[in-house]
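**Q** One structure, pasted below without further comment.
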Protein chains: 2
Amino acid sequence: MLERLKANFPLLHDRWDDYISCFKRMQVAPKTILLKEGDISHKAYLIEKGCLRVSFDKNGTDVTFQFFFENSTVSSIESFTKGLPSEFSIETVEACTLWWIDKTDIERILNEVITIPAMRKQILNTMFERTINYMHHFLSFIRDTPEQRYLNLLEQKPYVVQRVPQHYIASYLGISSVHLSRIKARIARKAS
Amino acid sequence: MLERLKANFPLLHDRWDDYISCFKRMQVAPKTILLKEGDISHKAYLIEKGCLRVSFDKNGTDVTFQFFFENSTVSSIESFTKGLPSEFSIETVEACTLWWIDKTDIERILNEVITIPAMRKQILNTMFERTINYMHHFLSFIRDTPEQRYLNLLEQKPYVVQRVPQHYIASYLGISSVHLSRIKARIARKAS
DNA sequence: GTCAAACGATAACATTTGTTATCAAATACT
DNA sequence: AGTATTTGATAACAAATGTTATCGTTTGAC
């Protein structure tokens with residue numbers, strides 16, 4: 001996993017062994033809570049295999065608002081960066097193989113890496129893309145009906161629908177699981 | 001306006017005159033369109049006085065999704081950075097006094113400024129805050145009822161409710177203007 | 001293999017929200 | 001001042017969505 005990553009960062013090869021040694025591999029069962037809402041985050045995760053979801057409590061019901069799959073990095077970014085209690089929980093959906101790294105290590109590496117102009121550009125770009133993603137995801141809540149959001153998800157990220165239980169998807173789409181069932185039935189009716 | 005800004009960037013004072021000369025001042029009437037959905041953005045704006053809104057077309061109806069007030073910078077960030085057609089329009093709500101700067105100038109200044117470690121930190125932090133803001137705004141759509149979102153807006157940004165016509169606010173909250181009227185009536189009823 | 005839990009579909013009913021139309025008040029324009 | 005435009009409230013009705021309950025199927029644990 002980490003060897004594969006190396007190819008993406010040719011500029012860091014001389015420091016790579018040091019960076020790699022900061023990552024620890026772990027195997028986790030489904031439905032394991034990696035970070036609990038209200039706790040302070042000290043770790044970031046890199047997903048080798050499996051699927052995570054990020055959720056929060058809304059008057060007693062659990063609401064999913066993001067999914068993460070292979071090769072993504074996951075952390076409660078605000079809690080991680082500012083040391084505040086996390087607004088979210090992070091939980092495995094499937095059995096996962098993860099790499100985790102401690103906050104202090106990440107900070108050290110980042111300080112070192114950001115001095116390289118090409119890396120700086122890449123990091124800024126990643127942050128930028130993340131903002132754009134939030135914006136688009138948010139926009140689809142304003143712009144589209146739940147049915148359209150579901151169809152978009154099917155088209156743009158079919159693996160989500162295939163791998164994640166439906167009630168998580170419903171809350172991710174902002175609707176009840178009953179309503180998602182109805183939407184699926186309606187789509188099937190139209191198709192026939 | 002620009003002199004006031006200077007105090008925030010002590011590290012840039014020796015280059016400040018050059019930077020300042022890139023900004024042009026303009027006066028604009030209410031309801032003036034500064035950028036039209038579909039056009040490519042070449043300018044960023046800094047608001048000295050007045051209020052802008054960012055909107056897009058949803059099947060023929062105009063939907064507002066952001067407001068900007070004094071001392072904010074506004075651009076169609078994706079269009080501006082990537083040179084893509086803008087997904088949004090930018091329009092004045094009130095009569096405005098603005099400063100605008102061309103894309104090429106901004107890029108030149110940014111490349112220069114980002115080499116200064118303290119400035120780099122500040123820029124990264126600004127991008128970070130912007131992402132967090134999107135996340136929170138987005139979360140309130142999932143987490144809160146329209147009534148709660150309106151109450152939050154009243155509490156956290158009362159000037160928005162005071163300065164912006166109600167139908168813009170309704171679409172900003174993701175509801176029809178009729179529904180916002182009902183919510184206000186319900187709140188008034190409860191209060192009495 | 002058996003049992004319990006998780007998952008998903010569906011029905012019935014309640015609530016929320018949108019749409020259209022109408023009216024009154026405020027504002028802008030000339 | 002007079003008129004048109006914008007703004008906001010409200011009513012009546014339609015559509016969308018949530019809630020609760022039930023049932024069959026699948027999955028997982030032992």
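All residue names refer to the structure tokens as shown: chains lettered A, B, ... in order, residues numbered from 1 in each chain, ligands numbered from 1 in order.
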With only C-alpha atoms (C1' of nucleotides) counted and 12 Å as the cut-off, give the residues of chain C in contact with chain B, each with its shortest interatomic distance in Å and the pair that gives it, as JSON lines.
**A**
{"residue": "C:DT16", "atom": "C1'", "partner": "B:His179", "partner_atom": "CA", "distance": 9.9}
{"residue": "C:DT17", "atom": "C1'", "partner": "B:His179", "partner_atom": "CA", "distance": 7.1}
{"residue": "C:DG18", "atom": "C1'", "partner": "B:Ser176", "partner_atom": "CA", "distance": 7.0}
{"residue": "C:DT19", "atom": "C1'", "partner": "B:Val178", "partner_atom": "CA", "distance": 9.4}
{"residue": "C:DT20", "atom": "C1'", "partner": "B:Val178", "partner_atom": "CA", "distance": 10.9}
**Q** Convert the current residue selection to file output with C-alpha atoms (C1' of nucleotides), as an mmCIF file, in the first residue's frame.
**A**
data_model
loop_
_atom_site.group_PDB
_atom_site.id
_atom_site.type_symbol
_atom_site.label_atom_id
_atom_site.label_comp_id
_atom_site.auth_asym_id
_atom_site.auth_seq_id
_atom_site.Cartn_x
_atom_site.Cartn_y
_atom_site.Cartn_z
ATOM 1 C "C1'" DT C 16 -44.321 19.412 6.205
ATOM 2 C "C1'" DT C 17 -43.639 21.988 2.283
ATOM 3 C "C1'" DG C 18 -44.702 23.683 -2.376
ATOM 4 C "C1'" DT C 19 -47.858 26.061 -5.745
ATOM 5 C "C1'" DT C 20 -51.030 29.259 -7.189
#
**Q** Up to 9 Å from chain B, what residues of chain D turn up? Count only C-alpha atoms (C1' of nucleotides) and give them as a ChimeraX atom specification.
**A** /D:7-10
**Q** May I have the selected residues written with N, CA, C and O atoms (P, O5', C5', C4', C3', O3' and C1' of nucleotides), as a short mmCIF file (atom, residue, chain, number, x, y, z; two decimals), in the first residue's frame?
**A**
data_model
loop_
_atom_site.label_atom_id
_atom_site.label_comp_id
_atom_site.auth_asym_id
_atom_site.auth_seq_id
_atom_site.Cartn_x
_atom_site.Cartn_y
_atom_site.Cartn_z
P DT D 7 -37.83 42.96 -4.45
"O5'" DT D 7 -38.78 42.80 -3.19
"C5'" DT D 7 -38.92 43.90 -2.28
"C4'" DT D 7 -40.05 43.62 -1.32
"C3'" DT D 7 -40.02 42.23 -0.67
"O3'" DT D 7 -39.69 42.39 0.69
"C1'" DT D 7 -42.21 42.92 -1.29
P DG D 8 -39.41 41.09 1.58
"O5'" DG D 8 -40.85 40.75 2.18
"C5'" DG D 8 -41.48 41.73 3.01
"C4'" DG D 8 -42.90 41.28 3.31
"C3'" DG D 8 -43.02 39.86 3.87
"O3'" DG D 8 -43.74 39.92 5.07
"C1'" DG D 8 -44.56 40.19 2.12
P DA D 9 -43.95 38.62 5.97
"O5'" DA D 9 -45.52 38.40 5.88
"C5'" DA D 9 -46.39 39.44 6.31
"C4'" DA D 9 -47.82 39.05 5.99
"C3'" DA D 9 -48.23 37.67 6.53
"O3'" DA D 9 -49.36 37.83 7.37
"C1'" DA D 9 -48.76 37.88 4.21
P DT D 10 -49.92 36.61 8.19
"O5'" DT D 10 -51.00 35.93 7.25
"C5'" DT D 10 -51.99 36.75 6.62
"C4'" DT D 10 -52.75 35.93 5.62
"C3'" DT D 10 -53.06 34.49 6.07
"O3'" DT D 10 -54.46 34.37 6.21
"C1'" DT D 10 -52.36 34.60 3.80
#
**Q** Kindly determine which residues of chain A lie within 12 Å of chain B, considering only C-alpha atoms, and give the answer as a ChimeraX atom specification.
**A** /A:55-66,76-79,81-82,87-88,110-112,114-117,120-121,123-145,170-176
**Q** As a list in words, please: the residues near Arg163 of chain A (cut-off 12 Å, only C-alpha atoms (C1' of nucleotides), same-chain neighbours under 6 positions excluded).
**A** Gly50, Cys51, Leu52, Arg53, Phe67, Phe68, Phe69, Val93, Glu94, Ala95, Leu154, Lys157 and Ile169 of chain A
**Q** Going by DSSP on the backbone, which bits of segment 14-144 of chain B are helix (DSSP H, G or I)? Write them as a ChimeraX atom specification, please.
**A** /B:14-20,77-82,103-113,117-143
**Q** Could you tell me which of B:Ile109, B:Leu153, B:Leu98, B:Val164 comes closest to Glu48 of chain B if we count only C-alpha atoms?
**A** B:Leu98
**Q** Just list the residues in segment 7-106 of chain B DSSP gives strand (DSSP E or B) on the backbone, as a ChimeraX atom specification.
**A** /B:24-28,33-35,40,43-49,52-58,61-68,73-74,85,89-92,96-102
**Q** Using atom CA of Gly83 of chain B and atom CA of Leu34 of chain B as the two end points, give the distance in Å to one decimal.
**A**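 So the answer is 16.4 Å.
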**Q** Residues near DG28 of chain D, anyone? I mean within 12 Å using only C-alpha atoms (C1' of nucleotides), not counting same-chain ones fewer than 6 positions away, as number ranges by chain.
**A** A: 30; C: 2-6
**Q** Write the residues of the selection above to a file with N, CA, C and O atoms (P, O5', C5', C4', C3', O3' and C1' of nucleotides), as a PDB file, in the first residue's frame.
**A**
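Once everything was written out, this is selection_30.pdb:
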ATOM      1  N   PRO A  30     -16.263  -4.855  10.964  1.00  0.00           N
ATOM      2  CA  PRO A  30     -17.342  -3.926  10.588  1.00  0.00           C
ATOM      3  C   PRO A  30     -17.949  -3.289  11.836  1.00  0.00           C
ATOM      4  O   PRO A  30     -17.910  -3.881  12.915  1.00  0.00           O
TER       5      PRO A  30
ATOM      6  P    DT C   2     -32.919 -26.720  12.167  1.00  0.00           P
ATOM      7  O5'  DT C   2     -32.598 -25.577  13.228  1.00  0.00           O
ATOM      8  C5'  DT C   2     -31.847 -25.904  14.394  1.00  0.00           C
ATOM      9  C4'  DT C   2     -31.843 -24.696  15.336  1.00  0.00           C
ATOM     10  C3'  DT C   2     -33.085 -23.809  15.241  1.00  0.00           C
ATOM     11  O3'  DT C   2     -33.388 -23.349  16.541  1.00  0.00           O
ATOM     12  C1'  DT C   2     -31.172 -22.540  14.708  1.00  0.00           C
ATOM     13  P    DC C   3     -34.775 -22.563  16.828  1.00  0.00           P
ATOM     14  O5'  DC C   3     -34.228 -21.145  17.286  1.00  0.00           O
ATOM     15  C5'  DC C   3     -33.141 -21.060  18.211  1.00  0.00           C
ATOM     16  C4'  DC C   3     -32.608 -19.646  18.220  1.00  0.00           C
ATOM     17  C3'  DC C   3     -33.703 -18.575  18.148  1.00  0.00           C
ATOM     18  O3'  DC C   3     -33.478 -17.614  19.168  1.00  0.00           O
ATOM     19  C1'  DC C   3     -32.095 -18.227  16.439  1.00  0.00           C
ATOM     20  P    DA C   4     -34.494 -16.359  19.360  1.00  0.00           P
ATOM     21  O5'  DA C   4     -33.541 -15.127  19.089  1.00  0.00           O
ATOM     22  C5'  DA C   4     -32.197 -15.156  19.581  1.00  0.00           C
ATOM     23  C4'  DA C   4     -31.412 -14.034  18.939  1.00  0.00           C
ATOM     24  C3'  DA C   4     -32.159 -12.705  18.899  1.00  0.00           C
ATOM     25  O3'  DA C   4     -31.250 -11.659  19.202  1.00  0.00           O
ATOM     26  C1'  DA C   4     -31.598 -13.358  16.706  1.00  0.00           C
ATOM     27  P    DA C   5     -31.777 -10.141  19.368  1.00  0.00           P
ATOM     28  O5'  DA C   5     -31.068  -9.429  18.136  1.00  0.00           O
ATOM     29  C5'  DA C   5     -29.693  -9.688  17.898  1.00  0.00           C
ATOM     30  C4'  DA C   5     -29.314  -9.176  16.523  1.00  0.00           C
ATOM     31  C3'  DA C   5     -29.812  -7.764  16.229  1.00  0.00           C
ATOM     32  O3'  DA C   5     -28.720  -7.000  15.743  1.00  0.00           O
ATOM     33  C1'  DA C   5     -30.480  -9.241  14.500  1.00  0.00           C
ATOM     34  P    DA C   6     -28.928  -5.456  15.311  1.00  0.00           P
ATOM     35  O5'  DA C   6     -28.957  -5.557  13.723  1.00  0.00           O
ATOM     36  C5'  DA C   6     -27.925  -6.288  13.081  1.00  0.00           C
ATOM     37  C4'  DA C   6     -28.185  -6.299  11.583  1.00  0.00           C
ATOM     38  C3'  DA C   6     -28.537  -4.927  10.999  1.00  0.00           C
ATOM     39  O3'  DA C   6     -27.806  -4.780   9.792  1.00  0.00           O
ATOM     40  C1'  DA C   6     -30.221  -6.483  10.459  1.00  0.00           C
TER      41       DA C   6
END
**Q** Atom CA of Trp99 of chain B and atom CA of Tyr45 of chain B are how many Å apart?
**A** 5.6 Å
